[in-house]
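**Student:** Structure file data.cif, mmCIF, C-alpha atoms, is pasted below:
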```cif
data_model
#
loop_
_atom_site.label_atom_id
_atom_site.label_comp_id
_atom_site.auth_asym_id
_atom_site.auth_seq_id
_atom_site.Cartn_x
_atom_site.Cartn_y
_atom_site.Cartn_z
CA MET Z 5 -17.70 19.22 62.94
CA THR Z 6 -20.04 22.04 63.84
CA LEU Z 7 -22.59 23.29 61.33
CA LYS Z 8 -22.70 27.09 61.29
CA ILE Z 9 -25.62 28.80 59.62
CA ASN Z 10 -26.04 32.52 59.17
CA ILE Z 11 -28.42 33.26 56.33
CA ARG Z 12 -31.13 35.59 55.13
CA LYS Z 13 -33.67 34.98 52.38
CA GLN Z 14 -36.65 37.11 51.42
CA LEU Z 15 -39.82 34.98 51.26
CA PRO Z 16 -43.19 36.26 49.94
CA ASN Z 17 -44.50 37.38 53.38
CA PHE Z 18 -41.39 37.78 55.51
CA ALA Z 19 -37.62 37.41 55.53
CA LEU Z 20 -36.09 34.17 56.78
CA ASP Z 21 -33.25 35.33 58.98
CA VAL Z 22 -31.44 32.59 60.89
CA ALA Z 23 -28.17 32.34 62.79
CA LEU Z 24 -27.65 28.93 64.32
CA ASP Z 25 -24.84 26.54 65.27
CA CYS Z 26 -25.39 22.78 65.45
CA LYS Z 27 -22.82 20.64 67.22
CA PRO Z 28 -21.83 17.09 66.26
CA GLY Z 29 -23.61 14.34 68.14
CA LYS Z 30 -26.41 16.74 69.11
CA LEU Z 31 -29.93 16.93 67.79
CA THR Z 32 -31.26 20.43 67.21
CA ALA Z 33 -35.02 20.60 66.81
CA ILE Z 34 -36.36 23.44 64.72
CA VAL Z 35 -39.92 24.10 65.80
CA GLY Z 36 -42.50 26.66 64.83
CA PRO Z 37 -45.93 27.08 63.32
CA SER Z 38 -46.75 26.08 59.74
CA GLY Z 39 -45.33 28.53 57.23
CA ALA Z 40 -42.63 29.80 59.61
CA GLY Z 41 -39.87 29.00 57.11
CA LYS Z 42 -38.69 25.73 58.70
CA SER Z 43 -38.71 23.66 55.51
CA THR Z 44 -37.16 26.50 53.49
CA LEU Z 45 -34.31 26.56 56.02
CA VAL Z 46 -33.80 22.81 55.57
CA ARG Z 47 -33.81 23.22 51.79
CA ILE Z 48 -31.21 25.99 52.05
CA ILE Z 49 -28.98 23.82 54.27
CA ALA Z 50 -29.37 20.92 51.81
CA GLY Z 51 -28.45 23.15 48.85
CA LEU Z 52 -31.86 22.83 47.20
CA GLU Z 53 -32.39 26.60 47.54
CA LYS Z 54 -30.00 29.52 47.79
CA PRO Z 55 -30.11 32.24 50.47
CA ASP Z 56 -30.00 35.88 49.39
CA VAL Z 57 -27.08 36.56 51.71
CA GLY Z 58 -25.11 34.63 54.28
CA THR Z 59 -22.82 31.73 54.98
CA ILE Z 60 -23.18 28.05 55.78
CA SER Z 61 -20.20 25.94 56.75
CA LEU Z 62 -19.53 22.56 58.23
CA GLY Z 63 -16.22 22.48 60.06
CA GLU Z 64 -13.65 23.75 57.59
CA SER Z 65 -15.85 23.25 54.52
CA SER Z 66 -17.68 26.31 53.29
CA TRP Z 67 -20.99 25.36 51.61
CA VAL Z 68 -22.36 28.82 51.02
CA ASN Z 69 -20.70 32.19 51.04
CA THR Z 70 -22.68 34.82 49.18
CA ALA Z 71 -19.87 37.35 49.63
CA THR Z 72 -17.59 35.25 47.43
CA ASN Z 73 -20.51 33.90 45.38
CA SER Z 74 -19.61 30.31 46.32
CA PHE Z 75 -22.31 27.68 46.53
CA ALA Z 76 -21.76 23.94 46.98
CA LYS Z 77 -24.34 21.86 45.08
CA PRO Z 78 -26.42 19.33 47.06
CA GLN Z 79 -24.31 16.56 45.49
CA GLN Z 80 -21.15 18.05 47.01
CA ARG Z 81 -22.44 18.39 50.58
CA GLY Z 82 -22.57 14.69 51.50
CA LEU Z 83 -25.54 15.05 53.84
CA GLY Z 84 -28.49 12.78 54.55
CA LEU Z 85 -32.02 14.12 54.22
CA VAL Z 86 -35.27 12.45 55.22
CA PHE Z 87 -38.28 14.24 53.80
CA GLN Z 88 -41.79 14.49 55.16
CA GLU Z 89 -43.18 12.41 52.31
CA TYR Z 90 -41.82 9.10 51.19
CA THR Z 91 -39.12 9.67 48.63
CA LEU Z 92 -37.89 6.15 48.05
CA PHE Z 93 -37.34 5.38 44.39
CA PRO Z 94 -40.44 3.40 43.34
CA HIS Z 95 -38.64 1.20 40.78
CA LEU Z 96 -36.11 -0.12 43.31
CA THR Z 97 -36.50 -2.57 46.17
CA VAL Z 98 -35.89 -1.45 49.76
CA ARG Z 99 -32.37 -2.94 49.65
CA GLU Z 100 -31.59 -1.23 46.32
CA ASN Z 101 -32.93 2.06 47.68
CA VAL Z 102 -30.69 1.82 50.73
CA ALA Z 103 -27.71 0.79 48.59
CA PHE Z 104 -28.44 3.63 46.12
CA ALA Z 105 -25.81 5.98 47.50
CA ALA Z 106 -24.20 3.76 50.13
CA LYS Z 107 -20.49 4.36 50.67
CA ASP Z 108 -19.90 0.83 51.90
CA LYS Z 109 -22.38 -1.85 50.86
CA LYS Z 110 -21.43 -4.15 53.75
CA TYR Z 111 -23.26 -1.92 56.27
CA ILE Z 112 -26.58 -2.17 54.45
CA HIS Z 113 -27.67 -5.42 56.02
CA GLY Z 114 -26.82 -4.10 59.50
CA LEU Z 115 -28.82 -0.91 58.87
CA LEU Z 116 -31.84 -2.88 57.66
CA GLU Z 117 -31.58 -5.07 60.77
CA LYS Z 118 -31.23 -2.06 63.07
CA PHE Z 119 -34.41 -0.50 61.67
CA GLY Z 120 -36.24 -3.86 61.66
CA ILE Z 121 -36.91 -3.94 57.93
CA SER Z 122 -34.59 -6.71 56.72
CA HIS Z 123 -37.64 -8.95 56.12
CA ILE Z 124 -38.94 -6.51 53.47
CA ALA Z 125 -35.55 -5.85 51.86
CA GLU Z 126 -36.65 -7.30 48.52
CA SER Z 127 -40.04 -5.50 48.47
CA LYS Z 128 -40.83 -2.45 46.38
CA PRO Z 129 -41.91 0.74 48.26
CA ALA Z 130 -45.48 0.43 46.91
CA ASN Z 131 -45.89 -2.89 48.71
CA ILE Z 132 -44.83 -1.85 52.22
CA SER Z 133 -46.44 0.28 54.93
CA GLY Z 134 -45.84 4.01 55.49
CA GLY Z 135 -43.79 3.33 58.62
CA GLU Z 136 -41.63 0.79 56.79
CA ARG Z 137 -41.08 3.25 53.95
CA GLN Z 138 -39.96 5.94 56.38
CA ARG Z 139 -37.63 3.47 58.14
CA ALA Z 140 -36.16 2.64 54.73
CA ALA Z 141 -35.76 6.38 54.04
CA PHE Z 142 -33.74 6.70 57.28
CA CYS Z 143 -31.56 3.74 56.20
CA GLN Z 144 -31.07 5.33 52.76
CA ALA Z 145 -29.95 8.63 54.31
CA LEU Z 146 -27.64 6.93 56.82
CA ALA Z 147 -26.13 4.43 54.36
CA ARG Z 148 -24.14 7.17 52.67
CA GLU Z 149 -22.47 7.93 56.00
CA PRO Z 150 -23.60 11.57 55.96
CA VAL Z 151 -21.70 14.48 57.48
CA LEU Z 152 -25.02 15.97 58.61
CA LEU Z 153 -28.49 14.49 59.03
CA LEU Z 154 -31.46 16.68 58.09
CA LEU Z 155 -34.93 15.49 59.06
CA ASP Z 156 -37.82 17.47 57.61
CA GLU Z 157 -40.90 16.43 59.60
CA PRO Z 158 -40.11 12.77 58.95
CA PHE Z 159 -42.84 11.41 61.24
CA SER Z 160 -45.72 13.74 60.42
CA ALA Z 161 -47.41 11.39 57.93
CA LEU Z 162 -47.29 8.38 60.26
CA ASP Z 163 -49.83 6.99 62.72
CA ILE Z 164 -49.19 7.48 66.45
CA VAL Z 165 -47.89 3.97 67.17
CA THR Z 166 -45.43 3.97 64.26
CA ARG Z 167 -44.38 7.54 65.10
CA GLU Z 168 -43.63 6.57 68.69
CA GLY Z 169 -41.51 3.60 67.56
CA LEU Z 170 -39.49 5.70 65.15
CA ARG Z 171 -38.98 8.51 67.66
CA LYS Z 172 -37.52 6.00 70.11
CA LYS Z 173 -35.33 4.55 67.37
CA LEU Z 174 -34.02 8.00 66.48
CA ARG Z 175 -33.30 8.90 70.10
CA GLU Z 176 -31.43 5.62 70.50
CA LEU Z 177 -29.53 6.22 67.28
CA LYS Z 178 -28.47 9.85 67.72
CA SER Z 179 -25.99 9.18 70.50
CA GLY Z 180 -24.05 6.87 68.19
CA LEU Z 181 -23.91 9.35 65.33
CA ASN Z 182 -21.13 11.85 65.73
CA ILE Z 183 -22.67 14.34 63.31
CA PRO Z 184 -25.02 17.31 63.74
CA ILE Z 185 -28.68 16.36 63.39
CA ILE Z 186 -31.35 18.91 62.50
CA HIS Z 187 -34.91 17.80 63.08
CA VAL Z 188 -37.72 20.01 61.82
CA THR Z 189 -41.07 19.48 63.46
CA HIS Z 190 -44.23 21.38 64.32
CA ASP Z 191 -44.80 18.91 67.18
CA LEU Z 192 -43.32 20.40 70.34
CA GLU Z 193 -43.73 17.15 72.27
CA GLU Z 194 -41.59 15.41 69.68
CA ALA Z 195 -38.99 18.16 69.95
CA TYR Z 196 -38.84 17.79 73.75
CA PHE Z 197 -38.50 14.04 73.44
CA LEU Z 198 -35.66 14.10 70.92
CA ALA Z 199 -33.77 17.34 71.06
CA ASP Z 200 -30.64 18.44 72.85
CA SER Z 201 -31.56 21.98 71.94
CA ILE Z 202 -34.58 23.67 70.45
CA PHE Z 203 -34.64 26.54 67.98
CA ALA Z 204 -38.04 28.18 67.61
CA LEU Z 205 -38.84 29.90 64.34
CA GLU Z 206 -41.78 32.21 63.73
CA ASN Z 207 -42.24 34.30 60.58
CA GLY Z 208 -38.67 33.52 59.61
CA GLN Z 209 -37.12 34.83 62.84
CA GLU Z 210 -35.84 33.12 65.95
CA SER Z 211 -38.68 33.36 68.48
CA PRO Z 212 -38.08 32.21 72.07
CA LEU Z 213 -41.37 33.93 72.89
CA TRP Z 214 -43.31 31.60 70.62
CA LEU Z 215 -41.70 28.68 72.42
CA GLU Z 216 -42.64 30.12 75.80
CA ARG Z 217 -46.23 30.61 74.65
CA GLN Z 218 -46.39 27.01 73.45
CA GLN Z 219 -44.78 25.70 76.65
CA LYS Z 220 -47.62 27.17 78.67
CA ARG Z 221 -50.03 25.02 76.73
CA PHE Z 222 -48.05 21.87 77.48
CA SER Z 223 -48.20 19.78 80.62
CA PRO Z 224 -45.69 20.76 83.33
CA GLU Z 225 -44.04 17.39 82.88
CA LEU Z 226 -42.79 18.39 79.45
CA GLN Z 227 -41.49 21.75 80.64
CA VAL Z 228 -38.94 20.32 83.03
CA LYS Z 229 -37.05 18.05 80.65
CA PRO Z 230 -33.46 18.44 81.87
CA HIS Z 231 -31.73 18.07 78.51
CA LEU Z 232 -33.59 20.97 76.96
CA SER Z 233 -31.80 24.20 76.27
CA LEU Z 234 -32.68 27.07 74.03
CA VAL Z 235 -30.18 27.89 71.36
CA GLY Z 236 -29.89 31.25 69.81
CA ASN Z 237 -27.31 33.15 67.84
CA MET Z 238 -24.03 31.62 68.85
CA MET X 11 -48.32 -5.75 -6.07
CA ASN X 12 -44.90 -4.30 -5.18
CA LEU X 13 -44.37 -4.70 -1.42
CA TYR X 14 -41.18 -2.63 -1.31
CA PRO X 15 -42.94 0.62 -0.24
CA LEU X 16 -44.29 -1.24 2.78
CA TYR X 17 -40.73 -2.29 3.63
CA ILE X 18 -39.47 1.32 3.24
CA SER X 19 -42.33 2.58 5.48
CA ALA X 20 -41.56 -0.02 8.15
CA LYS X 21 -37.82 0.73 7.93
CA LEU X 22 -38.50 4.48 8.26
CA ALA X 23 -40.89 3.98 11.20
CA VAL X 24 -38.44 1.70 13.05
CA ALA X 25 -35.47 4.01 12.42
CA THR X 26 -37.44 7.10 13.49
CA THR X 27 -38.67 5.37 16.65
CA PHE X 28 -35.14 4.19 17.42
CA PHE X 29 -33.32 7.50 16.89
CA ILE X 30 -35.86 10.06 18.08
CA PRO X 31 -35.36 9.52 21.86
CA VAL X 32 -31.75 10.74 21.48
CA VAL X 33 -33.10 14.25 20.83
CA ALA X 34 -36.59 14.03 22.33
CA ALA X 35 -35.68 12.67 25.79
CA PRO X 36 -33.21 15.44 26.76
CA LEU X 37 -35.57 18.07 25.29
CA ALA X 38 -38.52 16.68 27.25
CA TYR X 39 -36.36 16.58 30.41
CA ILE X 40 -35.30 20.22 29.98
CA LEU X 41 -38.86 21.38 29.22
CA ALA X 42 -40.21 19.44 32.21
CA PHE X 43 -37.70 20.42 34.87
CA VAL X 44 -35.53 23.37 33.85
CA ASP X 45 -36.68 26.98 33.98
CA PHE X 46 -34.79 29.24 31.61
CA LYS X 47 -35.29 32.40 29.61
CA GLY X 48 -36.90 31.62 26.25
CA LYS X 49 -38.44 28.33 27.40
CA SER X 50 -41.82 29.21 25.79
CA LEU X 51 -40.03 29.91 22.54
CA VAL X 52 -38.22 26.54 22.58
CA ASP X 53 -41.50 24.86 23.50
CA ALA X 54 -43.27 26.52 20.56
CA VAL X 55 -40.49 25.64 18.09
CA VAL X 56 -40.55 21.98 19.20
CA SER X 57 -44.35 21.87 18.79
CA LEU X 58 -44.39 23.72 15.45
CA PRO X 59 -44.34 20.59 13.22
CA MET X 60 -47.64 19.58 14.83
CA VAL X 61 -49.52 22.65 13.55
CA ILE X 62 -47.94 23.71 10.25
CA PRO X 63 -48.97 21.91 7.03
CA PRO X 64 -46.62 18.98 6.27
CA THR X 65 -45.95 20.40 2.80
CA VAL X 66 -44.82 23.71 4.34
CA LEU X 67 -42.51 21.88 6.74
CA GLY X 68 -41.32 19.67 3.88
CA PHE X 69 -40.61 22.72 1.71
CA GLY X 70 -38.60 24.33 4.51
CA LEU X 71 -36.61 21.15 5.03
CA LEU X 72 -36.07 20.82 1.26
CA ILE X 73 -34.43 24.26 1.24
CA VAL X 74 -32.24 23.53 4.29
CA MET X 75 -31.35 19.98 3.22
CA GLY X 76 -30.85 20.77 -0.47
CA PRO X 77 -27.33 20.92 -1.97
CA GLN X 78 -27.30 24.71 -1.52
CA GLY X 79 -28.79 24.51 1.99
CA SER X 80 -26.68 24.72 5.15
CA LEU X 81 -27.41 21.16 6.27
CA GLY X 82 -27.45 19.61 2.80
CA GLY X 83 -24.16 21.30 1.91
CA LEU X 84 -22.49 20.07 5.09
CA TRP X 85 -23.84 16.54 4.52
CA ASN X 86 -22.52 16.62 0.97
CA ASP X 87 -19.07 17.73 2.16
CA LEU X 88 -18.97 14.99 4.79
CA THR X 89 -20.38 12.04 2.82
CA GLY X 90 -20.15 13.10 -0.81
CA GLU X 91 -23.84 12.31 -1.17
CA ARG X 92 -26.92 14.46 -1.44
CA MET X 93 -29.27 14.59 1.48
CA VAL X 94 -32.56 15.19 -0.32
CA PHE X 95 -34.15 12.34 -2.28
CA SER X 96 -32.33 9.77 -0.11
CA PHE X 97 -33.39 7.54 2.77
CA SER X 98 -31.15 9.51 5.16
CA GLY X 99 -32.97 12.67 4.07
CA ILE X 100 -36.46 11.30 4.70
CA LEU X 101 -35.28 9.87 8.03
CA LEU X 102 -34.11 13.33 9.15
CA ALA X 103 -37.37 14.88 7.91
CA SER X 104 -39.32 12.19 9.76
CA LEU X 105 -37.37 12.92 12.97
CA VAL X 106 -38.17 16.65 12.74
CA TYR X 107 -41.82 16.00 11.87
CA ASN X 108 -42.25 13.54 14.76
CA LEU X 109 -40.37 15.53 17.38
CA PRO X 110 -43.47 17.00 19.09
CA PHE X 111 -45.19 13.60 19.06
CA ALA X 112 -42.21 12.17 20.96
CA VAL X 113 -41.51 15.13 23.25
CA GLN X 114 -45.04 15.84 24.52
CA PRO X 115 -45.87 12.36 25.96
CA MET X 116 -42.35 12.05 27.41
CA ARG X 117 -42.62 15.49 28.99
CA ALA X 118 -46.03 14.60 30.46
CA ALA X 119 -44.53 11.38 31.90
CA PHE X 120 -41.58 13.26 33.41
CA GLU X 121 -43.84 15.94 34.90
CA LYS X 122 -45.81 13.26 36.73
CA LEU X 123 -42.71 12.40 38.77
CA ASP X 124 -42.59 13.85 42.27
CA ILE X 125 -39.95 16.61 42.25
CA GLN X 126 -38.80 15.39 45.69
CA LEU X 127 -37.56 12.17 44.04
CA LEU X 128 -35.18 14.25 41.94
CA GLU X 129 -34.18 16.38 44.92
CA ASN X 130 -33.52 13.25 46.95
CA ALA X 131 -31.33 11.92 44.13
CA ALA X 132 -29.36 15.21 44.12
CA VAL X 133 -28.91 15.14 47.90
CA LEU X 134 -27.76 11.51 47.60
CA GLY X 135 -25.02 12.72 45.26
CA LEU X 136 -26.37 11.97 41.78
CA SER X 137 -25.53 14.36 38.93
CA SER X 138 -28.34 15.59 36.65
CA SER X 139 -27.43 13.10 33.92
CA ALA X 140 -27.18 10.19 36.40
CA THR X 141 -30.55 11.24 37.86
CA PHE X 142 -32.02 11.18 34.35
CA PHE X 143 -30.81 7.64 33.64
CA ARG X 144 -31.20 6.13 37.15
CA VAL X 145 -34.38 7.83 38.36
CA VAL X 146 -36.31 9.68 35.65
CA LEU X 147 -36.17 7.10 32.84
CA PRO X 148 -36.97 3.97 34.90
CA ASN X 149 -39.96 5.71 36.49
CA SER X 150 -41.33 7.04 33.19
CA LEU X 151 -41.18 3.85 31.11
CA PRO X 152 -44.91 3.62 30.24
CA GLY X 153 -44.89 7.25 29.04
CA ILE X 154 -41.72 6.69 27.02
CA ALA X 155 -43.15 3.51 25.47
CA ALA X 156 -46.39 5.36 24.63
CA SER X 157 -44.32 8.08 22.99
CA ALA X 158 -42.43 5.43 20.95
CA MET X 159 -45.67 3.77 19.79
CA LEU X 160 -47.16 7.14 18.79
CA VAL X 161 -44.05 8.01 16.79
CA PHE X 162 -44.06 4.57 15.14
CA ALA X 163 -47.73 4.81 14.12
CA HIS X 164 -47.34 8.41 12.99
CA SER X 165 -44.23 7.58 10.91
CA LEU X 166 -46.09 4.80 9.08
CA GLY X 167 -48.61 7.31 7.73
CA GLU X 168 -46.26 10.15 6.73
CA PHE X 169 -46.93 11.60 3.30
CA GLY X 170 -46.47 15.33 2.66
CA VAL X 171 -43.09 15.87 4.31
CA ILE X 172 -41.64 12.69 2.80
CA LEU X 173 -42.91 13.54 -0.68
CA MET X 174 -41.35 17.02 -0.51
CA VAL X 175 -37.97 15.90 0.84
CA GLY X 176 -37.66 12.43 -0.67
CA GLY X 177 -39.79 12.48 -3.81
CA SER X 178 -40.92 9.04 -4.83
CA ILE X 179 -37.84 7.01 -5.67
CA PRO X 180 -38.71 3.27 -5.76
CA GLY X 181 -36.63 1.25 -3.32
CA SER X 182 -35.31 4.34 -1.57
CA THR X 183 -37.89 6.98 -0.65
CA LYS X 184 -41.20 5.66 -1.97
CA VAL X 185 -43.07 4.86 1.24
CA ALA X 186 -46.42 3.05 1.43
CA SER X 187 -48.56 6.21 1.69
CA ILE X 188 -46.99 7.60 -1.50
CA ALA X 189 -47.35 4.24 -3.26
CA ILE X 190 -51.07 4.17 -2.27
CA TYR X 191 -51.55 7.68 -3.63
CA GLU X 192 -49.84 6.75 -6.91
CA ALA X 193 -51.84 3.52 -7.18
CA VAL X 194 -55.09 5.47 -6.78
CA GLU X 195 -53.97 8.03 -9.36
CA ALA X 196 -53.22 5.20 -11.78
CA MET X 197 -56.59 3.60 -10.87
CA ARG X 198 -54.87 0.47 -9.50
CA TYR X 199 -57.43 0.28 -6.69
CA ASP X 200 -56.61 -3.33 -5.76
CA ASP X 201 -52.97 -2.38 -5.02
CA ALA X 202 -54.11 0.66 -3.02
CA PHE X 203 -56.62 -1.47 -1.10
CA TYR X 204 -54.20 -4.25 -0.09
CA MET X 205 -51.45 -1.82 0.87
CA SER X 206 -53.92 0.16 3.02
CA LEU X 207 -55.12 -3.10 4.54
CA ALA X 208 -51.53 -3.92 5.54
CA ILE X 209 -51.07 -0.58 7.32
CA ILE X 210 -54.39 -0.29 9.20
CA PRO X 211 -53.96 -3.26 11.63
CA VAL X 212 -50.40 -2.20 12.53
CA SER X 213 -51.55 1.37 13.27
CA PHE X 214 -54.57 0.05 15.17
CA LEU X 215 -52.41 -2.24 17.34
CA ALA X 216 -50.04 0.65 18.00
CA LEU X 217 -52.97 2.80 19.20
CA LEU X 218 -54.23 -0.03 21.42
CA ALA X 219 -50.76 -0.29 22.92
CA ILE X 220 -50.66 3.50 23.50
CA ASN X 221 -54.01 3.38 25.31
CA ARG X 222 -52.83 0.49 27.46
CA LEU X 223 -49.54 2.24 28.31
CA ASN X 224 -51.35 5.48 29.15
CA HIS X 225 -53.60 3.50 31.46
CA ILE X 226 -50.56 1.95 33.19
CA SER X 227 -48.96 5.39 33.46
CA ARG X 228 -52.13 6.90 34.99
CA SER X 229 -52.52 4.06 37.50
CA ARG X 230 -48.89 4.49 38.62
CA SER X 231 -49.26 8.20 39.33
#
```
Write out the structure in this file as C-alpha cells.

**Tutor:**
Amino acid sequence: MTLKINIRKQLPNFALDVALDCKPGKLTAIVGPSGAGKSTLVRIIAGLEKPDVGTISLGESSWVNTATNSFAKPQQRGLGLVFQEYTLFPHLTVRENVAFAAKDKKYIHGLLEKFGISHIAESKPANISGGERQRAAFCQALAREPVLLLLDEPFSALDIVTREGLRKKLRELKSGLNIPIIHVTHDLEEAYFLADSIFALENGQESPLWLERQQKRFSPELQVKPHLSLVGNM
Amino acid sequence: MNLYPLYISAKLAVATTFFIPVVAAPLAYILAFVDFKGKSLVDAVVSLPMVIPPTVLGFGLLIVMGPQGSLGGLWNDLTGERMVFSFSGILLASLVYNLPFAVQPMRAAFEKLDIQLLENAAVLGLSSSATFFRVVLPNSLPGIAASAMLVFAHSLGEFGVILMVGGSIPGSTKVASIAIYEAVEAMRYDDAFYMSLAIIPVSFLALLAINRLNHISRSRS
C-alpha cells in the first residue's frame, strides 16, 4: 500500500509544505539540514502532531483529512517508529520490550536472533549498549508487524562501527518488508547507502537544489549510485 | 494511658495513604501531561490546602459536609448517617487536606519521564489509560512511594482540620494529636509525653524513607 502525504503546517520560522508518495517495499530517505522540518514531518505521519491542512493516507485508509476534520490517532495507524533516542521502556527487559505490542509472540525470538540480541533478551535497557538498545528498538517496532516503518535519525547517536552494522542490517531487511519505509537522516552518505529514493527538505519545502549543492561536496563515487532517484510531488 | 487515639491516628493515616492515589494519581497525570484551558486554576485549587490555615479548610469542609451541606446531605440520604463527627468524615477531610502532598511529588515523578516514552507507547497502540498503568506508573514508583510516605507522615500529625470536622469523639474521631492537646490542657504531661514519643519515631522513619526514595528517583533520572 502506498503512503500518500500532502500536508502543510505553519512552523515558527517557515511553513512545512510536503507532497510525497512512498511505495511499499521502498525506502524513502528524507534528508535536509537541521531544523528543516524533517522530524516534524515524521511526527505528523505518526499522528503525534496535526497538520494545518492536508491529507495523509495509506492505501485505502485515510489517516488525516483536514477537509473532513478526520484524524486517526497514533494508536489507530499501526505503524512502527524508531526514534533518534532510545525509547525502550526502562522497567522491561529487552524481550518484554519487543513483546510489548507484538501481534504474534512466536516471531519475537526470530527477530531477536535476526538482530543479534537474543543473548541480552533478559537484560534491562540500562544494562546494554547504545547499539543493542537501538537494535531492540528496531525489533520492538517490527514486532507489531507495522503497515509503515518510520525511522527518525535512528543511527545518529551511535558510534561509527555500530552505525555501519545497523545500516547494513536495515538494507538487508528492507527488501523483505513489503511496506513503505521512511528514513529521516541529515547524513547524505547514509541516505545514498539505504534509499531507493531521496526527498530533500529545506526550510519546510522540497529542495532538489539543496541536494545538488550537497552532492557537489560528496565524492563522485557517491553521486553515481544507480538506485538513487529524486522523488518529488507525485 | 489510653492508646486508642494512637490507633485512630494510625487507622486514619493508613486509610488516607491507601485511598488518596485514586484521586491524586489521575490528577497528577493530567497536570503533568495534559494542556487545557484553566490548568493553572485547577493547579491552584489542588494546592490550596497547603497554604490556607487548617482551621479555615476545616470550617469550609464542616459547612459542606454538615447535614445541611451538599455533600453531608447526600451522604445522609445514601447512608442514613451524618458525615461530620464520624471516621468517614475525618477520612474525607484528611484526603482533601493531603491532596497537594500526594499530587506534587507524583507530578514531579511523572514529569521526569521522557515524553518520547509516552509517544512510543501511543505509536505502539496503547491507550492513554493503558499507558498510565503500563508505562507511567512502573517508571515512577519511587516518586509514588515518596508521595505515599509523605501523606502517611502528614496524616499522623493532622490536628486543625480533624478537630473542626470530627470534633474529639473517643474511639471514633479523637486522633493522637488531639489527645495530646487535651492531655496538655488537663496537665497530664506524662500521657502527652508518651503519646508524642510514639509518634516521633514513626514520622522520623517515614521522612528517612522519603529521602531514600527521592535519592533513588534522582539517580534513575

**Student:** Could you list, as a VMD selection string, the residues of chain Z having an atom within 10 Å of chain X when counting only C-alpha atoms?

**Tutor:** chain Z and resid 47 50 to 52 77 to 96 104 to 106 130 144 to 145 147 to 148 150

**Student:** Take the PyMOL selection byres ((chain Z and resi 31) around 6), run it mentally on this structure, and tell me the resulting residues as a list in words.

**Tutor:** Lys30, Thr32, Ile185, Ile186, Ala199 and Asp200 of chain Z

**Student:** If the PyMOL selection byres ((chain Z and resi 18) around 12) were run on this exact file, what residues would it hold? Put them as number ranges by chain.

**Tutor:** Z: 12-17, 19-21, 39-41, 206-209

**Student:** What gap, in Å, lies between CA of Leu192 (chain Z) and CA of Arg137 (chain Z)?

**Tutor:** 23.8 Å

**Student:** Using all atoms listed in the file for the distances, tell me which of Z:Asn182, Z:Asn10, Z:Ser38, Z:Gln138 is nearest to Ser61 (chain Z).

**Tutor:**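 Among the listed residues, the smallest separation from Ser61 (chain Z) belongs to Z:Asn10.
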
**Student:** Report the distance between CA of Thr65 (chain X) and CA of Ile18 (chain X) in Å, rounded to one decimal place.

**Tutor:** 20.2 Å

**Student:** Padding 5 Å on every side, please: axis-aligned box over the listed atoms of region 93-109 of chain Z, centre and edge lengths to one decimal in Å, as lines of an AutoDock Vina configuration file.

**Tutor:**
```
center_x = -30.2
center_y = 1.5
center_z = 46.3
size_x = 30.5
size_y = 18.9
size_z = 21.1
```

**Student:** Return as a VMD selection string the set of residues that the PyMOL selection byres ((chain X and resi 64) around 8) yields on the displayed structure.

**Tutor:** chain X and resid 59 62 to 63 65 to 68 107 169 to 171
